[in-house]
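K.L.:
If it helps, the file is called input_0.cif and holds mmCIF, C-alpha atoms:
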```
data_input
#
loop_
_atom_site.label_atom_id
_atom_site.label_comp_id
_atom_site.auth_asym_id
_atom_site.auth_seq_id
_atom_site.Cartn_x
_atom_site.Cartn_y
_atom_site.Cartn_z
CA MET A 1 34.03 14.19 -25.82
CA LYS A 2 30.80 15.72 -27.09
CA LEU A 3 29.37 12.27 -27.67
CA SER A 4 30.18 11.15 -24.13
CA ARG A 5 28.53 14.33 -22.69
CA TYR A 6 25.47 13.65 -24.77
CA ALA A 7 25.37 10.06 -23.55
CA ALA A 8 25.70 11.19 -19.92
CA PHE A 9 22.87 13.70 -20.40
CA LEU A 10 20.65 11.03 -21.96
CA TRP A 11 21.40 8.66 -19.08
CA CYS A 12 20.48 11.33 -16.56
CA VAL A 13 17.19 12.00 -18.32
CA LEU A 14 16.32 8.30 -18.43
CA VAL A 15 17.27 7.67 -14.80
CA GLY A 16 15.39 10.80 -13.75
CA ALA A 17 12.27 9.72 -15.59
CA ALA A 18 12.47 6.26 -14.05
CA GLY A 19 12.89 7.84 -10.63
CA ILE A 20 9.87 10.05 -11.02
CA GLY A 21 7.89 7.04 -12.19
CA SER A 22 8.82 5.00 -9.15
CA VAL A 23 8.02 7.88 -6.79
CA ALA A 24 4.64 8.29 -8.44
CA GLN A 25 4.02 4.55 -8.07
CA ALA A 26 5.09 4.62 -4.43
CA ALA A 27 2.66 7.45 -3.83
CA GLY A 28 -0.05 5.27 -5.26
CA VAL A 29 -0.70 7.48 -8.24
CA THR A 30 -1.23 5.28 -11.22
CA PRO A 31 -1.63 6.96 -14.56
CA GLY A 32 -5.09 6.58 -15.95
CA VAL A 33 -6.67 5.73 -12.59
CA ALA A 34 -8.97 8.35 -11.07
CA LYS A 35 -8.13 9.90 -7.74
CA PRO A 36 -10.22 8.69 -4.80
CA ALA A 37 -13.34 10.73 -4.19
CA ALA A 38 -13.04 13.54 -1.68
CA SER A 39 -15.28 11.57 0.67
CA ASP A 40 -12.67 8.80 0.94
CA LYS A 41 -10.25 11.07 2.77
CA ASP A 42 -10.12 11.59 6.51
CA LEU A 43 -11.00 15.16 7.29
CA ILE A 44 -9.94 15.42 10.92
CA LEU A 45 -9.54 12.20 12.85
CA LYS A 46 -7.93 8.98 11.83
CA GLY A 47 -10.52 6.87 10.06
CA ASP A 48 -13.21 9.54 10.13
CA ALA A 49 -13.84 9.26 6.38
CA LYS A 50 -16.32 6.53 7.22
CA CYS A 51 -18.48 9.24 8.77
CA THR A 52 -17.33 12.50 7.22
CA GLY A 53 -18.00 11.07 3.77
CA CYS A 54 -21.59 12.13 4.46
CA HIS A 55 -21.36 14.26 7.62
CA ASP A 56 -19.24 17.13 6.44
CA GLU A 57 -19.61 20.90 6.62
CA ALA A 58 -23.09 20.57 5.13
CA ASP A 59 -24.29 19.10 8.45
CA GLU A 60 -24.48 22.61 9.79
CA PRO A 61 -28.08 23.51 10.58
CA THR A 62 -29.63 25.68 7.90
CA GLY A 63 -29.53 29.39 8.47
CA ARG A 64 -26.66 29.37 10.91
CA ALA A 65 -23.09 30.57 10.57
CA THR A 66 -20.39 28.15 9.56
CA MET A 67 -20.05 25.26 11.92
CA LEU A 68 -16.59 26.05 13.06
CA GLU A 69 -17.75 29.41 14.29
CA LEU A 70 -20.98 29.02 16.17
CA ASN A 71 -23.15 25.99 16.07
CA PRO A 72 -21.27 22.76 16.39
CA GLY A 73 -21.63 20.33 13.58
CA VAL A 74 -19.72 17.10 13.30
CA LEU A 75 -16.52 18.72 12.06
CA ALA A 76 -16.42 21.13 15.00
CA ILE A 77 -14.78 18.30 16.90
CA ALA A 78 -11.59 19.69 15.35
CA THR A 79 -11.87 22.73 17.59
CA THR A 80 -11.98 20.64 20.75
CA ARG A 81 -9.50 18.50 22.64
CA HIS A 82 -11.13 15.49 21.04
CA GLY A 83 -9.77 16.77 17.75
CA VAL A 84 -6.10 16.86 18.71
CA LYS A 85 -4.55 14.45 16.25
CA GLY A 86 -1.13 14.67 17.84
CA ASP A 87 -2.44 12.97 20.96
CA SER A 88 -2.44 9.20 20.50
CA ARG A 89 -5.32 8.89 22.97
CA THR A 90 -7.65 10.95 20.78
CA PRO A 91 -10.59 8.78 19.80
CA SER A 92 -12.16 8.57 16.39
CA CYS A 93 -15.85 8.71 15.53
CA VAL A 94 -16.43 5.00 15.99
CA ASN A 95 -14.85 4.94 19.44
CA CYS A 96 -17.79 6.90 20.77
CA HIS A 97 -20.54 6.19 18.25
CA GLY A 98 -19.73 2.54 17.64
CA ASP A 99 -19.07 0.85 14.32
CA SER A 100 -22.66 1.59 13.29
CA GLU A 101 -22.49 -0.73 10.27
CA LYS A 102 -26.25 -0.58 9.67
CA HIS A 103 -26.15 3.21 9.67
CA VAL A 104 -23.15 3.39 7.39
CA GLY A 105 -24.40 0.64 5.08
CA HIS A 106 -27.84 2.19 4.62
CA LYS A 107 -28.77 2.66 1.00
CA GLY A 108 -31.73 4.06 -0.83
CA LYS A 109 -34.75 5.94 0.35
CA GLY A 110 -35.68 6.74 3.90
CA LYS A 111 -33.67 7.74 6.92
CA PRO A 112 -30.81 5.47 7.88
CA PRO A 113 -31.05 3.74 11.27
CA ALA A 114 -29.38 5.63 14.10
CA PRO A 115 -25.72 4.90 14.84
CA ASP A 116 -24.98 2.24 17.48
CA ARG A 117 -24.57 4.96 20.06
CA SER A 118 -26.55 8.08 19.36
CA PHE A 119 -26.22 11.15 21.54
CA ARG A 120 -29.11 13.14 20.15
CA LYS A 121 -31.86 14.46 22.41
CA ALA A 122 -34.43 11.92 21.31
CA THR A 123 -31.96 9.06 21.29
CA GLU A 124 -32.89 5.49 22.11
CA THR A 125 -29.40 4.77 23.42
CA PRO A 126 -29.71 4.45 27.21
CA ALA A 127 -27.82 6.97 29.33
CA VAL A 128 -25.67 4.22 30.84
CA GLU A 129 -24.53 3.12 27.40
CA ARG A 130 -23.80 6.68 26.32
CA ASN A 131 -21.86 7.32 29.50
CA ASP A 132 -19.83 4.17 28.96
CA ALA A 133 -18.45 5.75 25.81
CA CYS A 134 -17.05 8.63 27.85
CA LEU A 135 -16.08 6.69 30.94
CA THR A 136 -13.89 4.43 28.85
CA CYS A 137 -11.32 7.21 28.99
CA HIS A 138 -12.69 9.65 31.57
CA LYS A 139 -12.80 7.45 34.62
CA GLY A 140 -11.27 7.83 38.07
CA ASP A 141 -10.20 11.10 39.65
CA GLN A 142 -13.20 13.47 39.82
CA ARG A 143 -15.46 10.77 38.43
CA THR A 144 -14.63 8.06 40.96
CA HIS A 145 -18.07 8.39 42.57
CA TRP A 146 -20.06 8.65 39.35
CA GLU A 147 -21.64 5.22 39.77
CA GLY A 148 -24.38 5.58 42.33
CA SER A 149 -24.37 9.38 42.24
CA GLN A 150 -27.67 11.24 42.05
CA HIS A 151 -27.00 12.21 38.46
CA ALA A 152 -26.17 8.66 37.39
CA ASN A 153 -29.20 7.29 39.23
CA ASN A 154 -31.46 9.75 37.47
CA ASP A 155 -30.27 8.79 33.99
CA VAL A 156 -28.31 11.96 33.41
CA ALA A 157 -25.85 11.32 30.61
CA CYS A 158 -22.57 13.12 30.00
CA ASN A 159 -24.06 14.72 26.90
CA SER A 160 -27.02 15.99 28.92
CA CYS A 161 -24.66 18.68 30.17
CA HIS A 162 -21.59 18.57 27.94
CA LYS A 163 -21.38 19.56 24.30
CA ILE A 164 -18.79 17.26 22.77
CA HIS A 165 -18.62 18.61 19.23
CA GLY A 166 -18.51 22.26 20.22
CA GLU A 167 -15.57 24.48 20.94
CA HIS A 168 -17.50 26.18 23.74
CA ASP A 169 -18.78 23.71 26.29
CA LYS A 170 -20.99 25.97 28.41
CA VAL A 171 -20.80 23.75 31.43
CA ARG A 172 -17.02 24.01 31.54
CA ASN A 173 -17.06 27.78 31.58
CA LYS A 174 -17.46 29.40 34.99
CA LYS A 175 -19.57 32.21 33.59
CA THR A 176 -22.05 30.01 31.77
CA GLN A 177 -22.04 26.81 33.80
CA ALA A 178 -24.97 27.74 36.03
CA GLU A 179 -27.21 28.17 32.98
CA VAL A 180 -26.72 24.52 32.19
CA CYS A 181 -27.36 23.35 35.77
CA PHE A 182 -30.42 25.57 36.10
CA THR A 183 -32.01 23.85 33.13
CA CYS A 184 -33.04 21.18 35.61
CA HIS A 185 -32.41 22.83 38.99
CA LYS A 186 -35.00 25.56 38.65
CA ALA A 187 -35.57 26.12 42.35
CA GLU A 188 -31.91 26.93 42.75
CA ARG A 189 -32.11 29.31 39.81
CA THR A 190 -34.86 31.23 41.61
CA GLN A 191 -32.90 31.32 44.84
CA THR A 192 -29.82 32.76 43.16
CA HIS A 193 -31.88 35.74 42.06
CA ARG A 194 -32.54 36.77 45.65
CA VAL A 195 -30.90 39.71 47.36
CA SER A 196 -28.22 37.73 49.10
CA THR A 197 -26.55 35.01 47.06
CA HIS A 198 -23.25 33.58 46.01
CA PRO A 199 -21.82 35.46 43.02
CA LEU A 200 -22.94 33.01 40.34
CA ALA A 201 -24.55 35.63 38.14
CA ALA A 202 -21.39 37.72 38.36
CA GLY A 203 -19.44 34.79 36.98
CA LYS A 204 -17.14 34.68 39.97
CA MET A 205 -18.39 31.31 41.14
CA ALA A 206 -19.71 28.21 39.49
CA CYS A 207 -21.89 25.41 40.81
CA SER A 208 -18.88 23.15 40.55
CA ASP A 209 -17.02 25.24 43.12
CA CYS A 210 -19.16 23.55 45.78
CA HIS A 211 -20.61 20.51 44.02
CA ASN A 212 -18.91 17.67 42.25
CA LEU A 213 -21.44 17.00 39.55
CA HIS A 214 -19.75 13.71 38.74
CA GLY A 215 -20.52 12.26 42.15
CA SER A 216 -19.04 12.58 45.59
CA ALA A 217 -18.91 10.87 48.94
CA GLY A 218 -20.52 13.89 50.61
CA PRO A 219 -24.17 14.97 50.83
CA LYS A 220 -25.83 16.80 47.90
CA MET A 221 -22.89 15.88 45.68
CA LEU A 222 -20.73 18.34 47.57
CA LYS A 223 -17.05 18.41 46.72
CA LYS A 224 -16.03 17.71 50.30
CA ASN A 225 -17.29 15.09 52.70
CA THR A 226 -19.43 17.50 54.72
CA LEU A 227 -21.19 20.77 54.12
CA ASN A 228 -18.98 22.64 56.56
CA GLU A 229 -15.82 21.29 55.01
CA THR A 230 -17.08 22.55 51.64
CA CYS A 231 -17.96 26.03 52.98
CA PHE A 232 -14.65 26.34 54.76
CA THR A 233 -12.74 25.97 51.51
CA CYS A 234 -13.57 29.65 50.95
CA HIS A 235 -14.85 30.85 54.33
CA ALA A 236 -11.77 29.66 56.14
CA GLU A 237 -11.96 32.30 58.87
CA LYS A 238 -15.09 30.59 60.19
CA ARG A 239 -13.45 27.22 60.53
CA GLY A 240 -11.77 27.79 63.87
CA PRO A 241 -10.74 26.18 66.11
CA PHE A 242 -12.15 28.77 68.49
CA LEU A 243 -11.69 29.21 72.18
CA TRP A 244 -15.41 29.92 72.40
CA GLU A 245 -17.34 27.97 69.82
CA HIS A 246 -20.86 28.58 68.60
CA GLN A 247 -21.96 24.98 68.40
CA PRO A 248 -24.16 25.11 65.27
CA VAL A 249 -21.29 26.71 63.37
CA ALA A 250 -19.12 23.74 64.12
CA GLU A 251 -21.95 21.33 63.33
CA ASP A 252 -23.69 22.57 60.23
CA CYS A 253 -23.54 25.94 58.44
CA SER A 254 -27.02 25.30 57.08
CA SER A 255 -28.44 25.59 60.60
CA CYS A 256 -28.54 29.33 59.94
CA HIS A 257 -27.61 29.79 56.28
CA THR A 258 -29.12 28.68 53.02
CA PRO A 259 -26.52 28.25 50.29
CA HIS A 260 -28.24 29.35 47.07
CA GLY A 261 -29.91 32.58 48.01
CA SER A 262 -31.98 34.43 50.55
CA ASN A 263 -33.67 37.77 50.95
CA ILE A 264 -32.03 38.11 54.36
CA SER A 265 -28.38 38.93 54.12
CA PRO A 266 -26.01 37.15 54.51
CA LEU A 267 -27.79 34.11 53.12
CA LEU A 268 -29.72 33.65 56.34
CA LYS A 269 -32.66 31.30 56.68
CA SER A 270 -34.52 33.66 58.96
CA ARG A 271 -34.08 37.09 60.49
CA ALA A 272 -32.56 37.80 63.89
CA PRO A 273 -33.80 37.62 66.59
CA PHE A 274 -36.33 35.07 65.26
CA MET A 275 -33.70 32.73 63.94
CA CYS A 276 -31.61 33.01 67.12
CA SER A 277 -34.63 32.48 69.32
CA GLU A 278 -35.27 29.14 67.62
CA CYS A 279 -32.53 27.86 69.93
CA HIS A 280 -32.09 30.68 72.43
CA ASP A 281 -35.66 30.75 73.61
CA GLY A 282 -34.94 31.39 77.28
CA PRO A 283 -35.08 34.81 78.99
CA HIS A 284 -32.43 37.19 77.78
CA ASN A 285 -29.98 38.36 80.41
CA SER A 286 -30.27 42.04 79.62
CA LYS A 287 -32.91 44.05 81.46
CA ALA A 288 -36.32 42.49 81.69
CA PRO A 289 -36.86 38.93 80.51
CA TYR A 290 -38.55 38.35 77.17
CA GLY A 291 -41.47 36.41 78.41
CA PRO A 292 -42.77 33.00 77.56
CA VAL A 293 -41.87 32.08 74.00
CA ALA A 294 -43.52 28.74 74.61
CA ALA A 295 -46.75 30.69 74.37
CA GLY A 296 -46.07 30.95 70.66
CA ASN A 297 -44.72 34.48 70.47
CA GLN A 298 -41.45 35.20 68.76
CA ALA A 299 -38.87 36.81 70.98
CA GLY A 300 -41.43 37.56 73.58
CA PHE A 301 -43.36 40.00 71.43
CA THR A 302 -46.90 39.93 72.69
CA GLY A 303 -48.46 43.28 72.02
CA THR A 304 -48.66 45.89 69.34
CA ASN A 305 -45.52 47.69 70.53
CA PRO A 306 -42.38 45.61 71.01
CA THR A 307 -40.40 46.12 74.19
CA GLU A 308 -37.00 47.74 73.94
CA ASN A 309 -35.20 44.43 74.22
CA ALA A 310 -37.61 42.21 72.32
CA GLY A 311 -38.84 41.92 68.71
CA GLY A 312 -36.82 43.50 65.92
CA ARG A 313 -33.55 43.56 67.77
CA GLY A 314 -30.41 42.46 66.01
CA CYS A 315 -28.70 39.85 68.16
CA MET A 316 -25.52 40.28 66.16
CA ASN A 317 -25.30 43.94 67.15
CA CYS A 318 -23.77 42.70 70.38
CA HIS A 319 -22.89 39.08 69.61
CA SER A 320 -20.76 40.09 66.66
CA MET A 321 -18.43 37.11 66.83
CA ILE A 322 -21.27 34.77 66.04
CA HIS A 323 -19.06 32.15 64.38
CA GLY A 324 -16.77 31.83 67.41
CA SER A 325 -14.38 33.88 69.48
CA ASN A 326 -10.80 33.54 70.54
CA HIS A 327 -11.00 36.40 73.00
CA PRO A 328 -10.40 35.34 76.61
CA ALA A 329 -13.59 37.13 77.56
CA GLY A 330 -15.53 36.12 74.50
CA ALA A 331 -17.74 33.48 76.04
CA LEU A 332 -20.87 35.31 74.92
CA LEU A 333 -19.36 35.90 71.49
CA HIS A 334 -19.37 39.62 72.12
CA ARG A 335 -15.76 40.16 71.18
CA MET B 336 -32.47 54.57 -33.59
CA LYS B 337 -30.01 51.78 -34.23
CA LEU B 338 -28.41 52.38 -30.86
CA LEU B 339 -31.78 52.31 -29.12
CA THR B 340 -32.61 49.00 -30.77
CA LEU B 341 -29.27 47.57 -29.74
CA VAL B 342 -29.67 48.67 -26.11
CA SER B 343 -33.22 47.34 -25.96
CA ALA B 344 -32.14 44.00 -27.39
CA THR B 345 -29.31 43.76 -24.84
CA VAL B 346 -31.59 44.55 -21.92
CA LEU B 347 -34.14 42.01 -23.15
CA ALA B 348 -31.47 39.36 -23.59
CA LEU B 349 -30.08 39.98 -20.11
CA SER B 350 -33.47 39.88 -18.47
CA LEU B 351 -34.32 36.63 -20.24
CA SER B 352 -31.02 35.00 -19.33
CA SER B 353 -31.36 35.92 -15.68
CA GLY B 354 -34.97 34.77 -15.69
CA ALA B 355 -33.97 31.29 -16.85
CA TYR B 356 -32.23 30.60 -13.50
CA ALA B 357 -34.29 32.81 -11.23
CA PHE B 358 -34.25 30.94 -7.97
CA ASP B 359 -34.32 31.43 -4.23
CA GLU B 360 -30.98 30.09 -3.06
CA ASP B 361 -31.85 29.97 0.62
CA ALA B 362 -35.08 28.11 -0.04
CA ALA B 363 -33.29 25.64 -2.31
CA LYS B 364 -30.56 24.99 0.27
CA LYS B 365 -33.13 24.64 3.02
CA LEU B 366 -35.10 22.07 1.03
CA ALA B 367 -31.92 20.18 0.15
CA LYS B 368 -30.76 20.27 3.73
CA SER B 369 -34.04 19.10 5.20
CA ASN B 370 -34.08 16.19 2.77
CA ASP B 371 -30.50 15.16 3.49
CA CYS B 372 -29.42 15.85 -0.10
CA PHE B 373 -26.08 17.11 1.22
CA LYS B 374 -25.33 13.72 2.74
CA CYS B 375 -24.57 12.45 -0.78
CA HIS B 376 -24.09 15.64 -2.80
CA ALA B 377 -21.93 18.66 -2.17
CA ILE B 378 -21.77 21.84 -4.17
CA ASP B 379 -18.19 21.49 -5.27
CA LYS B 380 -16.84 18.13 -4.17
CA THR B 381 -17.58 14.56 -5.00
CA LYS B 382 -19.32 12.57 -2.31
CA LYS B 383 -21.40 9.45 -2.85
CA GLY B 384 -23.10 11.34 -5.64
CA PRO B 385 -21.75 13.89 -8.10
CA SER B 386 -21.22 17.47 -7.04
CA TYR B 387 -23.81 20.02 -8.06
CA LYS B 388 -21.16 21.81 -10.08
CA LYS B 389 -20.55 18.61 -12.02
CA ILE B 390 -24.26 18.16 -12.63
CA ALA B 391 -24.60 21.78 -13.75
CA ALA B 392 -21.65 21.37 -16.12
CA LYS B 393 -23.14 18.18 -17.53
CA TYR B 394 -26.37 19.95 -18.42
CA LYS B 395 -24.86 23.23 -19.50
CA GLY B 396 -26.81 24.32 -22.56
CA LYS B 397 -29.20 21.39 -22.03
CA ALA B 398 -31.22 22.83 -19.16
CA ALA B 399 -34.48 21.23 -20.26
CA GLU B 400 -32.92 17.78 -20.33
CA GLY B 401 -31.29 18.34 -16.97
CA GLU B 402 -34.50 19.53 -15.45
CA THR B 403 -36.42 16.51 -16.71
CA LYS B 404 -33.75 14.10 -15.46
CA MET B 405 -33.45 15.74 -12.06
CA MET B 406 -37.21 16.01 -11.61
CA LYS B 407 -37.45 12.29 -12.30
CA ASN B 408 -34.70 11.52 -9.78
CA ILE B 409 -36.14 13.56 -6.96
CA THR B 410 -39.78 12.64 -7.47
CA THR B 411 -39.76 8.98 -8.49
CA GLY B 412 -36.55 7.71 -6.87
CA PRO B 413 -35.10 5.58 -9.66
CA THR B 414 -31.98 3.46 -9.23
CA VAL B 415 -28.94 5.64 -9.88
CA LYS B 416 -25.28 4.94 -10.27
CA LEU B 417 -23.05 6.31 -7.52
CA GLU B 418 -19.59 7.74 -7.99
CA ASP B 419 -17.99 4.51 -6.75
CA GLY B 420 -19.84 2.48 -9.38
CA THR B 421 -22.44 0.94 -7.07
CA GLU B 422 -26.12 1.57 -7.47
CA GLU B 423 -28.88 2.60 -5.13
CA GLU B 424 -32.29 4.19 -5.19
CA HIS B 425 -32.30 7.96 -5.33
CA LYS B 426 -33.97 9.78 -2.48
CA VAL B 427 -37.39 11.27 -3.14
CA ILE B 428 -37.77 14.85 -2.00
CA ASP B 429 -40.43 15.16 0.63
CA THR B 430 -42.58 17.79 -1.05
CA LYS B 431 -45.22 17.85 -3.76
CA ASP B 432 -44.82 21.54 -4.36
CA GLN B 433 -43.68 21.83 -7.97
CA LYS B 434 -42.44 25.38 -7.38
CA GLU B 435 -40.13 24.23 -4.60
CA LEU B 436 -38.80 21.35 -6.70
CA LYS B 437 -38.26 23.62 -9.71
CA ASN B 438 -36.49 26.13 -7.51
CA LEU B 439 -34.14 23.41 -6.24
CA ILE B 440 -33.39 22.20 -9.76
CA ASP B 441 -32.77 25.72 -11.01
CA TRP B 442 -30.37 26.33 -8.14
CA ILE B 443 -28.46 23.13 -8.96
CA LEU B 444 -28.27 24.02 -12.64
CA ALA B 445 -26.90 27.45 -11.75
CA GLN B 446 -23.89 26.07 -9.87
#
```
Just give me the structure as structure tokens.

P.N.:
Amino acid sequence: MKLSRYAAFLWCVLVGAAGIGSVAQAAGVTPGVAKPAASDKDLILKGDAKCTGCHDEADEPTGRATMLELNPGVLAIATTRHGVKGDSRTPSCVNCHGDSEKHVGHKGKGKPPAPDRSFRKATETPAVERNDACLTCHKGDQRTHWEGSQHANNDVACNSCHKIHGEHDKVRNKKTQAEVCFTCHKAERTQTHRVSTHPLAAGKMACSDCHNLHGSAGPKMLKKNTLNETCFTCHAEKRGPFLWEHQPVAEDCSSCHTPHGSNISPLLKSRAPFMCSECHDGPHNSKAPYGPVAAGNQAGFTGTNPTENAGGRGCMNCHSMIHGSNHPAGALLHR
Amino acid sequence: MKLLTLVSATVLALSLSSGAYAFDEDAAKKLAKSNDCFKCHAIDKTKKGPSYKKIAAKYKGKAAEGETKMMKNITTGPTVKLEDGTEEEHKVIDTKDQKELKNLIDWILAQ
């Protein structure tokens, strides 16, 4: 009995040892053979070892915090949607940067040649080629009108505005987006600092609330097909239809307003009555007529002291329903 | 008296030992970074080249030899053997400042 127990124990030990051996072999661990170097392993994306073998956490610019915190290095891709391994559509390094065999195969002294597609500031890769890398996946929908858009025609690349390897893409954050746009659109930056403006600085609006930066069928890359249609997305009460229309309101908001900022509230191009008199230059129906504006005088102001119904008057004091009226007696937009 | 001698000897020994690897870590890292040393070397993992910890361990107690070898590698760019067995020319550090080079070597040896 004891002998048979001993035999069974011995058999178990032998079978167990054989099992462990086969598992080790299946796992590719061969005794006596060194493990692959750390640089042979993918760090984040499938097949990224080709790149991360050299471009690892040490790629972080000197003197900055760790790359996953502040300044994006190569590995910061893990903090973005491009680093989601569970999504089968997630690209790897070479999908965007190309196979870059010359770059990878560089040996010895000197700087290696740039990757096939480089997205650095001083890159020689044309914007069209860089954009192709993104448009391979990000096409259609909001980007349907990219080709032929002002940005595309002016060699703006996706990475001119977007930060791909960073967790925080400033241009995709409502509070910081304008900073990115204002890098080029400096006149608009100035205008938004005027007294009357859209609440960009307050972070309640972004440029992309009105503009489709990826191209549109409307003017000025507006989201909608016309300026008015775009304005009415928020200012719906001015859309009408009205019983009594104010024609320029129906035609073009920018007849009176400037969108980015003005020192005359609310975003007016000029002050009343001067702006109103640009169209309404005939004699006013109240009291005495203004006088000949054709003579070159605004609102009939000809002397040092304006008349009681001339210069400096606020037209909208009476014509308060300037955008249109639905009152049966609102023909003059008084009510 | 004996105690005073012992304390003095200890202080002297400590000051000498710390002086052997007196280096400016930030300056060393900056120089290594700007010369792309970290593309092939890491502090504690094997890349194309050996880790700095491995190099420091190799020359532990043989600092002079290590310094000579490293100085040769980073100033003349000889052919070196990589971790995967292949060979290529070592990068030459883009500075002639001996103090900077020595600082870098001391930092590596202290890993």

K.L.:
Around the point (-31.7, 4.2, 8.1) (coordinates from the file), which residues reach within 12 Å if we count all atoms listed in the file? Answer as a list of chain:residue names.

P.N.:
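Result, sorted by chain then residue number: A:Ser100, A:Glu101, A:Lys102, A:His103, A:Val104, A:Gly105, A:His106, A:Lys107, A:Gly108, A:Lys109, A:Gly110, A:Lys111, A:Pro112, A:Pro113, A:Ala114, A:Pro115, A:Asp116, B:Asp371.
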
K.L.:
Using the chain letters and numbers from this file, what does the PyMOL selection byres ((chain B and resi 383) around 9) select? Give the answer as a list in words.

P.N.:
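Applying the expression gives Ala37, Ser39, Gly53 and Cys54 of chain A; Lys374, Cys375, His376, Thr381, Lys382, Gly384, Pro385, Leu417, Glu418 and Asp419 of chain B.
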
K.L.:
Please write the residues picked by the PyMOL selection byres ((chain A and resi 81-91) around 12) on this file as a PyMOL selection string.

P.N.:
chain A and resi 42-48+74-80+92-98+133-134+136-138+163-169

K.L.:
Pull C-alpha atoms from the residues just selected and write them as a CSV table (one decimal), in the coordinates of the input.

P.N.:
```
chain,number,residue,atom,x,y,z
A,42,ASP,CA,-10.1,11.6,6.5
A,43,LEU,CA,-11.0,15.2,7.3
A,44,ILE,CA,-9.9,15.4,10.9
A,45,LEU,CA,-9.5,12.2,12.8
A,46,LYS,CA,-7.9,9.0,11.8
A,47,GLY,CA,-10.5,6.9,10.1
A,48,ASP,CA,-13.2,9.5,10.1
A,74,VAL,CA,-19.7,17.1,13.3
A,75,LEU,CA,-16.5,18.7,12.1
A,76,ALA,CA,-16.4,21.1,15.0
A,77,ILE,CA,-14.8,18.3,16.9
A,78,ALA,CA,-11.6,19.7,15.4
A,79,THR,CA,-11.9,22.7,17.6
A,80,THR,CA,-12.0,20.6,20.8
A,92,SER,CA,-12.2,8.6,16.4
A,93,CYS,CA,-15.8,8.7,15.5
A,94,VAL,CA,-16.4,5.0,16.0
A,95,ASN,CA,-14.8,4.9,19.4
A,96,CYS,CA,-17.8,6.9,20.8
A,97,HIS,CA,-20.5,6.2,18.2
A,98,GLY,CA,-19.7,2.5,17.6
A,133,ALA,CA,-18.4,5.8,25.8
A,134,CYS,CA,-17.0,8.6,27.8
A,136,THR,CA,-13.9,4.4,28.8
A,137,CYS,CA,-11.3,7.2,29.0
A,138,HIS,CA,-12.7,9.6,31.6
A,163,LYS,CA,-21.4,19.6,24.3
A,164,ILE,CA,-18.8,17.3,22.8
A,165,HIS,CA,-18.6,18.6,19.2
A,166,GLY,CA,-18.5,22.3,20.2
A,167,GLU,CA,-15.6,24.5,20.9
A,168,HIS,CA,-17.5,26.2,23.7
A,169,ASP,CA,-18.8,23.7,26.3
```

K.L.:
Can you spell out as a count of residues only the set of residues that the PyMOL selection byres ((chain A and resi 209-211) around 7) selects in the structure I just provided?

P.N.:
10

K.L.:
Contacts between chain A and chain B, please, where a residue of chain B counts if it comes within 12 Å (with all atoms listed in the file); show its shortest atom pair and distance in Å to one decimal, rows by chain and ascending number, as a tab-separated table.

P.N.:
```
residue	atom	partner	partner_atom	distance
B:Glu360	CA	A:Gly63	CA	11.6
B:Asp361	CA	A:Gly63	CA	8.2
B:Ala362	CA	A:Thr62	CA	9.9
B:Ala363	CA	A:Thr62	CA	10.8
B:Lys364	CA	A:Thr62	CA	7.7
B:Lys365	CA	A:Thr62	CA	6.1
B:Leu366	CA	A:Thr62	CA	9.5
B:Ala367	CA	A:Thr62	CA	9.8
B:Lys368	CA	A:Thr62	CA	6.9
B:Ser369	CA	A:Thr62	CA	8.4
B:Asn370	CA	A:Lys111	CA	9.4
B:Asp371	CA	A:Lys111	CA	8.8
B:Cys372	CA	A:Ala58	CA	9.5
B:Phe373	CA	A:Ala58	CA	6.0
B:Lys374	CA	A:Cys54	CA	4.4
B:Cys375	CA	A:Cys54	CA	6.0
B:His376	CA	A:Cys54	CA	8.4
B:Ala377	CA	A:Ala58	CA	7.6
B:Ile378	CA	A:Ala58	CA	9.5
B:Asp379	CA	A:Ala38	CA	10.1
B:Lys380	CA	A:Ala38	CA	6.5
B:Thr381	CA	A:Ala38	CA	5.7
B:Lys382	CA	A:Ser39	CA	5.1
B:Lys383	CA	A:Ser39	CA	7.4
B:Gly384	CA	A:Ala37	CA	9.9
B:Pro385	CA	A:Ala37	CA	9.8
B:Ser386	CA	A:Ala38	CA	10.5
B:Asn408	CA	A:Lys109	CA	11.6
B:Ile409	CA	A:Lys109	CA	10.7
B:Thr410	CA	A:Lys109	CA	11.5
B:Thr411	CA	A:Lys109	CA	10.6
B:Gly412	CA	A:Lys109	CA	7.6
B:Pro413	CA	A:Gly108	CA	9.6
B:Thr414	CA	A:Gly108	CA	8.4
B:Val415	CA	A:Gly108	CA	9.6
B:Lys416	CA	A:Gly108	CA	11.5
B:Leu417	CA	A:Lys107	CA	10.9
B:Glu418	CA	A:Ala37	CA	7.9
B:Asp419	CA	A:Ala37	CA	8.2
B:Gly420	CA	A:Ala37	CA	11.7
B:Thr421	CA	A:Lys107	CA	10.4
B:Glu422	CA	A:Lys107	CA	8.9
B:Glu423	CA	A:Gly108	CA	5.4
B:Glu424	CA	A:Gly108	CA	4.4
B:His425	CA	A:Gly108	CA	6.0
B:Lys426	CA	A:Lys109	CA	4.8
B:Val427	CA	A:Lys109	CA	6.9
B:Ile428	CA	A:Lys109	CA	9.7
B:Asp429	CA	A:Gly110	CA	10.2
```

K.L.:
Hey, what's within 7 Å of region 155-158 of chain A if we count all atoms listed in the file and toss same-chain stuff fewer than 6 positions away? As number ranges by chain, please?

P.N.:
A: 127, 130-131

K.L.:
Enter the distance from CA of Arg143 (chain A) to CA of Glu129 (chain A), in Å, rounded to one decimal.

P.N.:
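Those two atoms sit 16.2 Å apart.
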